[in-house]
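Undergrad: Just start.cif, nothing more (mmCIF, C-alpha atoms and all ligand atoms):
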```cif
data_work
#
loop_
_atom_site.label_atom_id
_atom_site.label_comp_id
_atom_site.auth_asym_id
_atom_site.auth_seq_id
_atom_site.Cartn_x
_atom_site.Cartn_y
_atom_site.Cartn_z
CA MET A 16 -45.70 188.96 216.18
CA SER A 17 -44.79 189.21 219.80
CA ASP A 18 -46.05 187.05 222.64
CA GLU A 19 -48.06 190.01 223.85
CA ASP A 20 -50.38 189.47 220.89
CA PHE A 21 -51.60 186.32 222.57
CA GLU A 22 -53.20 187.83 225.64
CA VAL A 23 -56.94 187.42 226.07
CA PRO A 24 -59.09 189.57 223.77
CA TRP A 25 -60.71 192.76 225.04
CA TYR A 26 -64.23 191.30 225.13
CA GLU A 27 -63.22 188.76 227.78
CA SER A 28 -62.50 191.52 230.28
CA PRO A 29 -64.57 190.80 233.43
CA ALA A 30 -65.02 194.54 234.07
CA LEU A 31 -66.43 195.13 230.61
CA ASN A 32 -68.74 192.16 230.95
CA ASP A 33 -70.01 193.54 234.25
CA VAL A 34 -70.69 196.97 232.73
CA VAL A 35 -72.49 195.51 229.73
CA GLY A 36 -74.42 193.24 232.06
CA LEU A 37 -75.69 196.33 233.87
CA MET A 38 -76.34 198.36 230.70
CA GLY A 39 -77.91 195.51 228.80
CA ALA A 40 -77.35 194.85 225.11
CA ARG A 41 -80.06 197.41 224.27
CA ALA A 42 -77.84 200.27 225.45
CA MET A 43 -74.86 198.94 223.48
CA GLN A 44 -77.07 198.75 220.44
CA GLY A 45 -77.77 202.46 220.64
CA ILE A 46 -74.05 203.18 220.38
CA MET A 47 -73.25 200.77 217.61
CA ASN A 48 -76.05 200.75 215.08
CA THR A 49 -74.52 201.50 211.68
CA PHE A 50 -74.84 199.83 208.28
CA SER A 51 -71.79 198.73 206.29
CA GLY A 52 -71.93 197.75 202.64
CA ASN A 53 -69.47 197.14 199.83
CA ARG A 54 -69.44 196.90 196.03
CA ILE A 55 -70.69 193.58 194.80
CA PHE A 56 -70.27 192.14 191.33
CA GLY A 57 -72.47 189.17 190.47
CA GLY A 58 -72.23 187.14 187.26
CA LYS A 59 -69.45 186.32 184.83
CA THR A 60 -67.67 189.63 184.37
CA GLY A 61 -66.75 190.44 187.96
CA VAL A 62 -63.04 189.63 187.80
CA THR A 63 -62.56 191.57 184.55
CA THR A 64 -64.45 194.61 185.79
CA VAL A 65 -62.59 194.78 189.10
CA ALA A 66 -59.18 194.26 187.46
CA ILE A 67 -59.85 197.11 185.01
CA GLU A 68 -61.04 199.42 187.77
CA LEU A 69 -58.09 198.71 190.05
CA GLY A 70 -55.75 199.06 187.07
CA LYS A 71 -57.04 202.61 186.63
CA ARG A 72 -56.98 203.44 190.33
CA LEU A 73 -53.33 202.54 190.87
CA ASP A 74 -50.20 204.08 189.34
CA GLU A 75 -47.97 201.95 187.12
CA GLY A 76 -45.26 201.36 189.71
CA GLU A 77 -47.63 200.27 192.43
CA LYS A 78 -49.71 197.53 190.84
CA ARG A 79 -48.79 194.58 193.05
CA LEU A 80 -51.47 191.98 193.70
CA LEU A 81 -51.18 189.40 196.47
CA ILE A 82 -53.57 186.50 196.00
CA ILE A 83 -54.42 184.84 199.30
CA ALA A 84 -55.65 181.25 199.13
CA ASP A 85 -55.31 177.83 200.70
CA SER A 86 -53.96 174.59 199.29
CA PHE A 87 -57.32 173.87 197.63
CA THR A 88 -58.39 177.29 196.39
CA LYS A 89 -55.01 178.18 194.85
CA ARG A 90 -56.36 176.37 191.77
CA PHE A 91 -58.58 179.41 191.15
CA CYS A 92 -55.54 181.64 190.57
CA GLU A 93 -55.69 180.80 186.87
CA ASP A 94 -59.17 182.37 186.74
CA VAL A 95 -57.78 185.61 188.11
CA PHE A 96 -54.27 185.94 186.65
CA PRO A 97 -55.06 186.94 183.02
CA ASP A 98 -57.28 189.93 183.83
CA PHE A 99 -54.90 191.37 186.41
CA GLU A 100 -51.86 190.74 184.22
CA ASP A 101 -53.62 192.47 181.33
CA ASN A 102 -54.08 195.49 183.58
CA GLY A 103 -50.41 195.70 184.48
CA PHE A 104 -50.31 193.90 187.83
CA GLU A 105 -47.35 192.00 189.17
CA ILE A 106 -48.81 188.99 191.03
CA LYS A 107 -47.73 186.82 193.94
CA VAL A 108 -49.64 184.00 195.63
CA TRP A 109 -49.70 183.08 199.32
CA SER A 110 -51.58 179.79 199.59
CA GLY A 111 -50.59 179.01 203.17
CA VAL A 112 -53.93 179.62 204.86
CA GLU A 113 -54.92 176.74 207.13
CA PRO A 114 -58.44 175.87 208.33
CA GLU A 115 -59.68 178.06 211.21
CA VAL A 116 -56.66 180.39 210.76
CA PRO A 117 -54.23 179.46 213.56
CA MET A 118 -52.64 182.80 214.38
CA TYR A 119 -49.07 181.62 213.80
CA ILE A 120 -49.68 181.26 210.02
CA LEU A 121 -49.95 185.04 209.76
CA ASP A 122 -46.18 185.25 210.21
CA ASP A 123 -45.65 183.54 206.82
CA GLY A 124 -48.05 185.88 205.09
CA LEU A 125 -46.44 188.85 206.79
CA GLN A 126 -43.01 187.82 205.52
CA ILE A 127 -44.33 187.76 201.93
CA CYS A 128 -46.01 191.14 202.39
CA ASN A 129 -42.86 192.75 203.74
CA ASP A 130 -40.84 191.45 200.76
CA PHE A 131 -43.41 191.96 197.98
CA LYS A 132 -45.19 195.07 199.31
CA PRO A 133 -48.61 194.34 197.81
CA THR A 134 -51.03 197.18 197.10
CA VAL A 135 -54.04 194.95 196.51
CA PHE A 136 -55.14 191.81 198.36
CA LEU A 137 -57.35 189.33 196.55
CA ALA A 138 -58.66 186.58 198.81
CA VAL A 139 -60.14 183.58 197.06
CA GLY A 140 -61.53 180.93 199.36
CA GLY A 141 -63.91 180.06 202.15
CA GLY A 142 -64.27 181.78 205.49
CA SER A 143 -60.78 180.90 206.69
CA VAL A 144 -59.08 182.43 203.66
CA LEU A 145 -61.15 185.61 203.75
CA ASP A 146 -60.64 185.96 207.50
CA ALA A 147 -56.89 185.33 207.18
CA ALA A 148 -56.69 188.11 204.57
CA LYS A 149 -58.35 190.57 206.96
CA ALA A 150 -56.11 189.60 209.88
CA LEU A 151 -53.00 189.72 207.68
CA TRP A 152 -54.01 193.15 206.45
CA ILE A 153 -54.11 194.45 210.02
CA VAL A 154 -50.73 193.02 211.05
CA TYR A 155 -49.10 194.13 207.78
CA GLU A 156 -50.22 197.75 208.01
CA GLN A 157 -50.05 198.03 211.79
CA PRO A 158 -47.09 195.82 212.76
CA GLY A 159 -47.04 196.76 216.42
CA ILE A 160 -50.72 196.25 217.04
CA ASN A 161 -51.99 193.94 219.75
CA LEU A 162 -54.76 192.02 217.97
CA MET A 163 -56.38 191.10 221.26
CA GLN A 164 -56.99 194.70 222.20
CA ILE A 165 -58.69 195.97 219.06
CA ASP A 166 -61.81 197.50 220.50
CA ILE A 167 -65.12 196.97 218.71
CA LEU A 168 -65.96 200.64 219.22
CA ASP A 169 -62.63 201.71 217.73
CA ASN A 170 -63.60 201.03 214.12
CA ALA A 171 -60.39 202.18 212.45
CA VAL A 172 -56.85 200.97 213.01
CA GLY A 173 -55.41 202.90 210.04
CA LEU A 174 -55.57 200.62 207.00
CA ARG A 175 -55.38 201.35 203.23
CA ARG A 176 -52.05 203.16 203.46
CA LYS A 177 -50.21 200.19 201.96
CA VAL A 178 -52.99 197.92 200.70
CA LYS A 179 -55.47 200.11 198.85
CA ALA A 180 -58.17 197.50 198.35
CA LEU A 181 -59.29 194.02 199.36
CA VAL A 182 -61.07 191.92 196.75
CA ALA A 183 -63.04 188.96 198.13
CA ILE A 184 -64.05 185.97 196.04
CA PRO A 185 -65.97 183.46 198.19
CA THR A 186 -65.68 179.80 197.20
CA THR A 187 -68.31 178.52 199.61
CA ILE A 188 -71.96 179.41 200.13
CA GLY A 189 -72.08 180.21 203.81
CA THR A 190 -69.40 182.22 205.52
CA GLY A 191 -70.56 185.68 204.48
CA SER A 192 -67.08 186.92 205.39
CA GLU A 193 -66.96 188.72 202.04
CA VAL A 194 -69.42 191.28 203.42
CA THR A 195 -68.43 191.37 207.08
CA THR A 196 -66.00 193.39 209.14
CA ALA A 197 -65.03 190.42 211.31
CA ALA A 198 -62.24 187.89 211.09
CA ILE A 199 -62.26 184.73 213.17
CA VAL A 200 -58.80 183.38 213.94
CA THR A 201 -57.66 180.66 216.32
CA ASP A 202 -55.44 181.27 219.30
CA THR A 203 -53.44 178.04 219.41
CA LYS A 204 -51.53 179.10 222.49
CA ARG A 205 -54.57 178.27 224.56
CA ASP A 206 -55.34 174.70 225.45
CA PRO A 207 -57.68 173.73 223.89
CA PRO A 208 -57.24 176.28 221.07
CA LYS A 209 -59.79 179.07 221.13
CA LYS A 210 -61.44 181.10 218.39
CA ILE A 211 -60.89 184.85 218.59
CA SER A 212 -63.01 187.46 216.86
CA LEU A 213 -61.32 190.53 215.36
CA THR A 214 -63.78 193.22 214.33
CA VAL A 215 -62.51 196.23 212.39
CA ASP A 216 -64.82 198.17 210.05
CA GLU A 217 -61.92 198.97 207.74
CA THR A 218 -61.46 195.30 206.86
CA LEU A 219 -64.76 195.22 204.99
CA PRO A 220 -63.70 194.04 201.50
CA ASP A 221 -63.90 196.80 198.87
CA TYR A 222 -64.99 194.48 196.09
CA VAL A 223 -66.91 191.19 196.20
CA ILE A 224 -67.10 188.92 193.20
CA LEU A 225 -69.85 186.30 193.05
CA ASP A 226 -69.37 183.98 190.12
CA THR A 227 -70.67 180.41 190.17
CA LYS A 228 -67.44 179.12 188.62
CA PHE A 229 -65.76 179.60 192.00
CA VAL A 230 -68.29 177.37 193.80
CA LYS A 231 -68.81 174.78 191.08
CA THR A 232 -66.53 172.22 192.76
CA LEU A 233 -68.17 172.43 196.19
CA PRO A 234 -68.52 168.91 197.58
CA PRO A 235 -71.88 167.78 199.07
CA PHE A 236 -70.67 168.10 202.67
CA LEU A 237 -69.65 171.74 202.21
CA ILE A 238 -72.88 172.56 200.36
CA MET A 239 -74.79 171.33 203.39
CA ALA A 240 -72.51 172.72 206.11
CA THR A 241 -71.82 176.16 204.64
CA GLY A 242 -75.47 176.53 203.57
CA LEU A 243 -76.57 175.83 207.13
CA ASP A 244 -74.03 178.39 208.36
CA ALA A 245 -75.72 181.01 206.16
CA LEU A 246 -79.09 180.07 207.64
CA ALA A 247 -77.63 180.32 211.15
CA HIS A 248 -76.32 183.83 210.45
CA SER A 249 -79.74 185.19 209.55
CA LEU A 250 -81.77 183.17 212.04
CA GLY A 251 -79.47 184.26 214.85
CA ALA A 252 -79.37 187.86 213.64
CA ILE A 253 -83.10 188.33 213.25
CA THR A 254 -83.82 187.02 216.74
CA SER A 255 -80.82 188.77 218.29
CA ASN A 256 -82.98 191.91 218.15
CA TRP A 257 -80.11 194.13 217.06
CA GLY A 258 -79.84 195.86 213.72
CA SER A 259 -82.39 197.95 211.88
CA PRO A 260 -85.36 197.50 209.56
CA LEU A 261 -82.76 197.33 206.77
CA SER A 262 -80.87 194.40 208.27
CA ASP A 263 -84.18 192.73 209.20
CA ALA A 264 -85.31 192.90 205.57
CA ILE A 265 -82.01 191.44 204.40
CA ASN A 266 -82.11 188.63 206.96
CA MET A 267 -85.68 187.69 206.09
CA VAL A 268 -84.85 187.37 202.39
CA ALA A 269 -81.71 185.39 203.20
CA ILE A 270 -83.71 182.86 205.26
CA GLU A 271 -86.35 182.59 202.55
CA GLU A 272 -83.71 181.97 199.88
CA VAL A 273 -81.87 179.32 201.92
CA LEU A 274 -85.12 177.49 202.67
CA ARG A 275 -86.01 177.51 198.97
CA TYR A 276 -82.68 176.82 197.29
CA LEU A 277 -80.53 174.83 199.71
CA PRO A 278 -82.79 171.74 199.43
CA ARG A 279 -82.37 171.86 195.64
CA LEU A 280 -78.62 172.18 195.91
CA VAL A 281 -78.42 169.33 198.42
CA LYS A 282 -80.52 167.17 196.09
CA TYR A 283 -79.03 167.98 192.68
CA GLY A 284 -75.57 169.31 193.55
CA THR A 285 -73.84 172.22 191.86
CA LYS A 286 -75.17 171.27 188.44
CA ASP A 287 -78.33 173.12 189.52
CA GLU A 288 -76.85 176.43 188.40
CA GLU A 289 -79.89 178.49 189.37
CA ALA A 290 -79.93 177.13 192.94
CA LEU A 291 -76.17 177.64 193.19
CA GLU A 292 -76.41 181.28 192.15
CA HIS A 293 -79.27 181.90 194.59
CA MET A 294 -77.31 180.29 197.43
CA GLN A 295 -74.28 182.47 196.69
CA TRP A 296 -76.49 185.50 197.09
CA ALA A 297 -78.26 184.03 200.12
CA ALA A 298 -74.91 183.52 201.87
CA LEU A 299 -73.89 187.08 201.02
CA LEU A 300 -77.23 188.47 202.24
CA ALA A 301 -76.97 186.50 205.46
CA GLY A 302 -73.42 187.79 205.96
CA MET A 303 -74.58 191.36 205.42
CA GLY A 304 -77.60 190.69 207.61
CA PHE A 305 -75.67 189.51 210.62
CA ASN A 306 -72.81 191.95 210.14
CA ASN A 307 -75.30 194.79 210.43
CA ALA A 308 -77.08 193.26 213.42
CA MET A 309 -75.35 190.64 215.60
CA PRO A 310 -75.05 186.91 215.22
CA GLY A 311 -77.07 184.97 217.76
CA ILE A 312 -75.81 182.68 220.50
CA GLU A 313 -75.81 179.75 218.07
CA HIS A 314 -72.42 181.22 217.19
CA SER A 315 -71.06 181.39 220.74
CA LEU A 316 -72.31 177.83 221.29
CA GLY A 317 -71.06 176.73 217.87
CA HIS A 318 -67.62 178.36 218.11
CA SER A 319 -66.91 176.61 221.37
CA PHE A 320 -68.43 173.29 220.29
CA GLY A 321 -66.70 173.30 216.89
CA ALA A 322 -63.26 174.04 218.32
CA ILE A 323 -63.43 171.59 221.24
CA MET A 324 -65.29 168.68 219.60
CA HIS A 325 -63.67 169.16 216.16
CA VAL A 326 -66.94 169.55 214.30
CA HIS A 327 -67.38 171.74 211.19
CA HIS A 328 -68.49 175.31 211.90
CA GLY A 329 -71.64 175.16 209.75
CA LEU A 330 -72.78 171.85 211.19
CA SER A 331 -72.15 173.18 214.72
CA VAL A 332 -73.94 176.51 214.42
CA GLY A 333 -76.74 174.86 212.43
CA MET A 334 -77.30 172.42 215.26
CA PHE A 335 -77.64 175.29 217.77
CA CYS A 336 -80.00 177.47 215.66
CA ALA A 337 -83.11 176.12 217.34
CA GLN A 338 -81.59 176.70 220.78
CA SER A 339 -80.65 180.26 219.92
CA VAL A 340 -84.19 181.11 218.78
CA ALA A 341 -85.69 179.42 221.86
CA TRP A 342 -83.43 181.38 224.23
CA GLN A 343 -84.06 184.86 222.78
CA ALA A 344 -87.82 184.22 222.53
CA LYS A 345 -88.11 185.23 226.17
CA VAL A 346 -87.21 188.84 225.33
CA THR A 347 -88.30 189.38 221.72
CA GLU A 348 -91.24 188.49 219.50
CA LYS A 349 -89.21 188.49 216.29
CA TRP A 350 -89.25 184.68 216.14
CA ARG A 351 -92.95 184.97 215.15
CA LYS A 352 -91.86 186.11 211.68
CA LEU A 353 -90.23 182.72 211.14
CA GLY A 354 -93.49 180.76 211.17
CA PRO A 355 -94.61 181.60 207.62
CA LEU A 356 -91.08 180.97 206.28
CA PHE A 357 -90.92 177.50 207.84
CA GLY A 358 -94.53 176.68 206.94
CA VAL A 359 -95.72 176.80 210.57
CA ARG A 360 -99.20 178.32 210.87
CA GLU A 361 -99.81 180.29 214.04
CA ASP A 362 -103.59 179.71 213.92
CA LYS A 363 -103.03 176.00 214.44
CA TYR A 364 -101.62 176.57 217.94
CA SER A 365 -103.54 177.75 220.95
CA THR A 366 -100.65 179.17 222.98
CA ARG A 367 -97.58 181.25 222.30
CA GLN A 368 -95.35 178.52 223.69
CA GLU A 369 -96.86 175.87 221.40
CA TYR A 370 -96.33 178.07 218.36
CA LEU A 371 -92.73 178.76 219.40
CA GLU A 372 -92.04 175.07 219.97
CA ALA A 373 -93.48 174.24 216.55
CA ILE A 374 -91.06 176.73 214.94
CA VAL A 375 -88.16 175.31 216.93
CA LYS A 376 -89.07 171.79 215.76
CA ALA A 377 -89.34 173.03 212.16
CA ILE A 378 -85.82 174.50 212.37
CA GLN A 379 -84.50 171.18 213.67
CA ALA A 380 -86.37 169.27 210.95
CA PHE A 381 -84.80 171.48 208.27
CA GLN A 382 -81.31 170.81 209.65
CA ARG A 383 -81.91 167.07 209.44
CA ALA A 384 -83.51 167.23 205.99
CA MET A 385 -80.39 168.97 204.66
CA GLY A 386 -78.07 166.32 206.11
CA GLY A 387 -77.20 168.38 209.16
CA VAL A 388 -78.00 167.48 212.77
CA ALA A 389 -80.25 168.69 215.55
CA SER A 390 -78.39 166.99 218.40
CA VAL A 391 -74.87 166.00 219.38
CA LYS A 392 -75.63 162.27 219.36
CA GLU A 393 -76.56 162.43 215.66
CA ILE A 394 -73.11 163.63 214.61
CA THR A 395 -71.14 160.96 212.78
CA GLU A 396 -68.07 162.92 211.75
CA PRO A 397 -66.48 162.61 214.26
CA LYS A 398 -68.57 160.27 216.39
CA ILE A 399 -68.87 161.73 219.90
CA THR A 400 -69.49 159.46 222.90
CA LYS A 401 -71.76 160.64 225.67
CA ALA A 402 -69.03 160.15 228.27
CA ASP A 403 -66.51 162.20 226.30
CA TYR A 404 -69.08 164.94 225.70
CA GLN A 405 -70.08 165.13 229.34
CA SER A 406 -66.47 165.38 230.44
CA LYS A 407 -66.16 168.55 228.34
CA LEU A 408 -69.33 170.37 229.37
CA GLU A 409 -67.48 172.70 231.68
CA ILE A 410 -64.94 173.92 229.14
CA LEU A 411 -67.63 174.09 226.43
CA ALA A 412 -69.72 176.38 228.63
CA ARG A 413 -66.73 178.51 229.65
CA TYR A 414 -65.53 179.06 226.07
CA SER A 415 -69.06 180.04 225.03
CA LYS A 416 -69.31 182.49 227.89
CA GLU A 417 -66.01 184.06 226.82
CA ASP A 418 -67.11 184.35 223.17
CA ALA A 419 -67.58 187.84 221.69
CA VAL A 420 -71.21 187.05 220.81
CA THR A 421 -72.10 186.56 224.48
CA LEU A 422 -71.40 190.19 225.20
CA THR A 423 -74.08 191.33 222.77
CA SER A 424 -76.72 188.69 223.45
CA TYR A 425 -80.01 190.54 223.74
CA ARG A 426 -81.02 188.25 226.59
CA PRO A 427 -78.08 187.97 229.00
CA VAL A 428 -76.55 184.51 229.03
CA GLY A 429 -74.15 183.11 231.60
CA GLU A 430 -71.96 180.06 231.99
CA ILE A 431 -74.67 178.10 233.82
CA ASN A 432 -77.18 178.82 231.03
CA TYR A 433 -74.67 177.65 228.46
CA ARG A 434 -74.01 174.47 230.39
CA ARG A 435 -77.71 173.68 230.44
CA MET A 436 -77.91 174.33 226.71
CA PHE A 437 -75.01 171.98 226.01
CA GLU A 438 -76.64 169.33 228.20
CA ALA A 439 -79.89 169.75 226.28
CA ALA A 440 -78.04 169.54 222.96
CA TRP A 441 -77.08 165.91 223.54
CA ASP A 442 -80.46 164.68 222.29
CA GLY A 443 -81.91 168.06 221.20
CA GLU A 444 -85.32 167.14 222.55
CA LYS A 445 -85.95 169.62 225.33
CA LEU A 446 -84.20 172.94 224.76
CA VAL A 447 -83.60 175.71 227.28
CA TYR A 448 -86.24 178.46 227.05
FE FE B 1 -70.93 181.36 210.90
#
```
Rewrite the structure from the file as structure tokens, please.
Ligand SMILES: [Fe+2]
TA:
Amino acid sequence: MSDEDFEVPWYESPALNDVVGLMGARAMQGIMNTFSGNRIFGGKTGVTTVAIELGKRLDEGEKRLLIIADSFTKRFCEDVFPDFEDNGFEIKVWSGVEPEVPMYILDDGLQICNDFKPTVFLAVGGGSVLDAAKALWIVYEQPGINLMQIDILDNAVGLRRKVKALVAIPTTIGTGSEVTTAAIVTDTKRDPPKKISLTVDETLPDYVILDTKFVKTLPPFLIMATGLDALAHSLGAITSNWGSPLSDAINMVAIEEVLRYLPRLVKYGTKDEEALEHMQWAALLAGMGFNNAMPGIEHSLGHSFGAIMHVHHGLSVGMFCAQSVAWQAKVTEKWRKLGPLFGVREDKYSTRQEYLEAIVKAIQAFQRAMGGVASVKEITEPKITKADYQSKLEILARYSKEDAVTLTSYRPVGEINYRRMFEAAWDGEKLVY
């Protein structure tokens, strides 16, 4: 890739931000409201079914499967190899995906693609692996493209000429990337490195396989952190006020499922097969829910916080869920639907604000009960000092302001608002409404 690929992304354009600021997110919503879905195979026969189908779709000479993984998830290749080999596929593995997808790693994947000429991508892994597959797909099929200038309204860049299908097998229970059209990669040429969002409808995986054997080895930390990411997707999406009755329904069920099954999974671990299966679906639903609405500002806050303070994505966005709901509550009443889900009864509160604050507290309590956090000072991995945190408030606020999510926030949010939110997040006691 050339250096030009590392310019700022389109959504950071000041002119565009000014126009959207004048139009308001509501006008944008009118232009962009579509629903994207893919084929989903749950249960134990997903890999076999997809391998047979792709075997029939492709001619003999063009059955070349590239498995995309990281150093941990490459162990799942043995669960995939036999079915694809039986259906005539030649297979290669690229297991070089690194956490948060630094953009330079795509060069390695691109080299393999140019030599092997895969016709099917199969990504097995967490969010980083699935996102890397989408980004690699774009640079492989459109070598000259400037990733930074892919416009969200320009849904097609011309894929599926070389790679006919993307198969996604998630190995965590939170990212939702298997059902989204977005890839988050990290621009390491910026100091500090910054997360960049690439959104192309064509990168929606064609096939998704949910099988509990791929999440059986999830360690307790990732159960908690990726589960809270799933919750953040739907909480943010429902209160973002985008989407449709269809995405609302999906988000509501996703929240309900996380609230019911994540506590069981945190308590009993992956041996609770029923809870594990439900959380796989909850993560998928939440992914579909936010992909067909918009994530909330917990993601602009969390992207910036995670990258600068080196805190896991799920823990970060989970921590900011309550803040996101509190902020949007000024312009939408959708947060009211959350009361029954979190066991907060409206009739016990005499004012709107009291009811809202009770829901916000319930969200924070759930984070803590799962082993997550509701404030920066509670984070132990890594431990953050108040002085260090305060010295970074400015850059934290700026990176959040420049995040793609900010552009579509239903209630406009500026750098000063973000700074106040980060200040409030230190102890999480008094959020910004
Ligand atoms: Fe997320």
Undergrad: Would you mind telling me which residue in A:Ile265, A:Val116, A:Ile184, A:Ile55 lies nearest to A:Asp202 when using only C-alpha atoms?
TA: A:Val116
Undergrad: Would you be able to write out as a ChimeraX atom specification which residues have an atom within 12 Å of (-55.1, 174.3, 221.5) in the file's coordinates, counting only C-alpha atoms?
TA: /A:115,117-118,201-210,322-325
Undergrad: Suppose we keep C-alpha atoms; can you now write the selection as a CSV table (one decimal), in the frame of the given file?
TA:
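Okay, again.csv is ready:
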```csv
chain,number,residue,atom,x,y,z
A,115,GLU,CA,-59.7,178.1,211.2
A,117,PRO,CA,-54.2,179.5,213.6
A,118,MET,CA,-52.6,182.8,214.4
A,201,THR,CA,-57.7,180.7,216.3
A,202,ASP,CA,-55.4,181.3,219.3
A,203,THR,CA,-53.4,178.0,219.4
A,204,LYS,CA,-51.5,179.1,222.5
A,205,ARG,CA,-54.6,178.3,224.6
A,206,ASP,CA,-55.3,174.7,225.4
A,207,PRO,CA,-57.7,173.7,223.9
A,208,PRO,CA,-57.2,176.3,221.1
A,209,LYS,CA,-59.8,179.1,221.1
A,210,LYS,CA,-61.4,181.1,218.4
A,322,ALA,CA,-63.3,174.0,218.3
A,323,ILE,CA,-63.4,171.6,221.2
A,324,MET,CA,-65.3,168.7,219.6
A,325,HIS,CA,-63.7,169.2,216.2
```
Undergrad: Select the residues contacting ligand FE 1 (chain B) at a distance of at most 7 Å, based on all atoms listed in the file, then format the selection as an MDAnalysis selection string.
TA: chainID A and resid 190 244:245 247:248 314 328:329 332
Undergrad: Skip A:Lys177 itself and residues of its chain fewer than 3 positions away, then list as a PyMOL selection string all residues within 8 Å of it, counting only C-alpha atoms.
TA: chain A and resi 132-134+156+174
Undergrad: Would you mind listing what lies within 10 Å of A:Glu27 as a PyMOL selection string, with only C-alpha atoms counted and same-chain residues fewer than 4 positions away left out?
TA: chain A and resi 23+31-32+163+416-419+421-422
Undergrad: So that I can check the surroundings of A:Phe305, please list as a list in words every protein, DNA and RNA residue that reaches within 9 Å of it, counting all atoms listed in the file and ignoring chain neighbours fewer than 5 positions away.
TA: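 Near A:Phe305, the qualifying residues are Gly191, Thr195, His248, Ser249, Leu250, Gly251, Ala252, Ile253, Gly258, Ser262, Asn266, Leu300, Pro310 and Gly311 of chain A.
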Undergrad: Excluding A:Trp350 and residues on its chain fewer than 6 positions from it, collect all residues at most 8 Å away from it, counting all atoms listed in the file, and give them as a ChimeraX atom specification.
TA: /A:253-254,340,344,371
Undergrad: Could you check which of A:Asn161, A:Thr285, A:Ser339, A:Thr218 is closest to A:Gln379, using all atoms listed in the file?
TA: A:Ser339
Undergrad: Distance atom CA of A:Phe91-atom CA of A:Ser143, one decimal place?
TA: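 That distance, rounded to one decimal, is 15.8 Å.
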Undergrad: So the first atom is atom CA of A:Glu217 and the second is atom CA of A:Val144; what is the distance between them in Å, to one decimal place?
TA: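 Going from atom CA of A:Glu217 over to atom CA of A:Val144, I get 17.3 Å.
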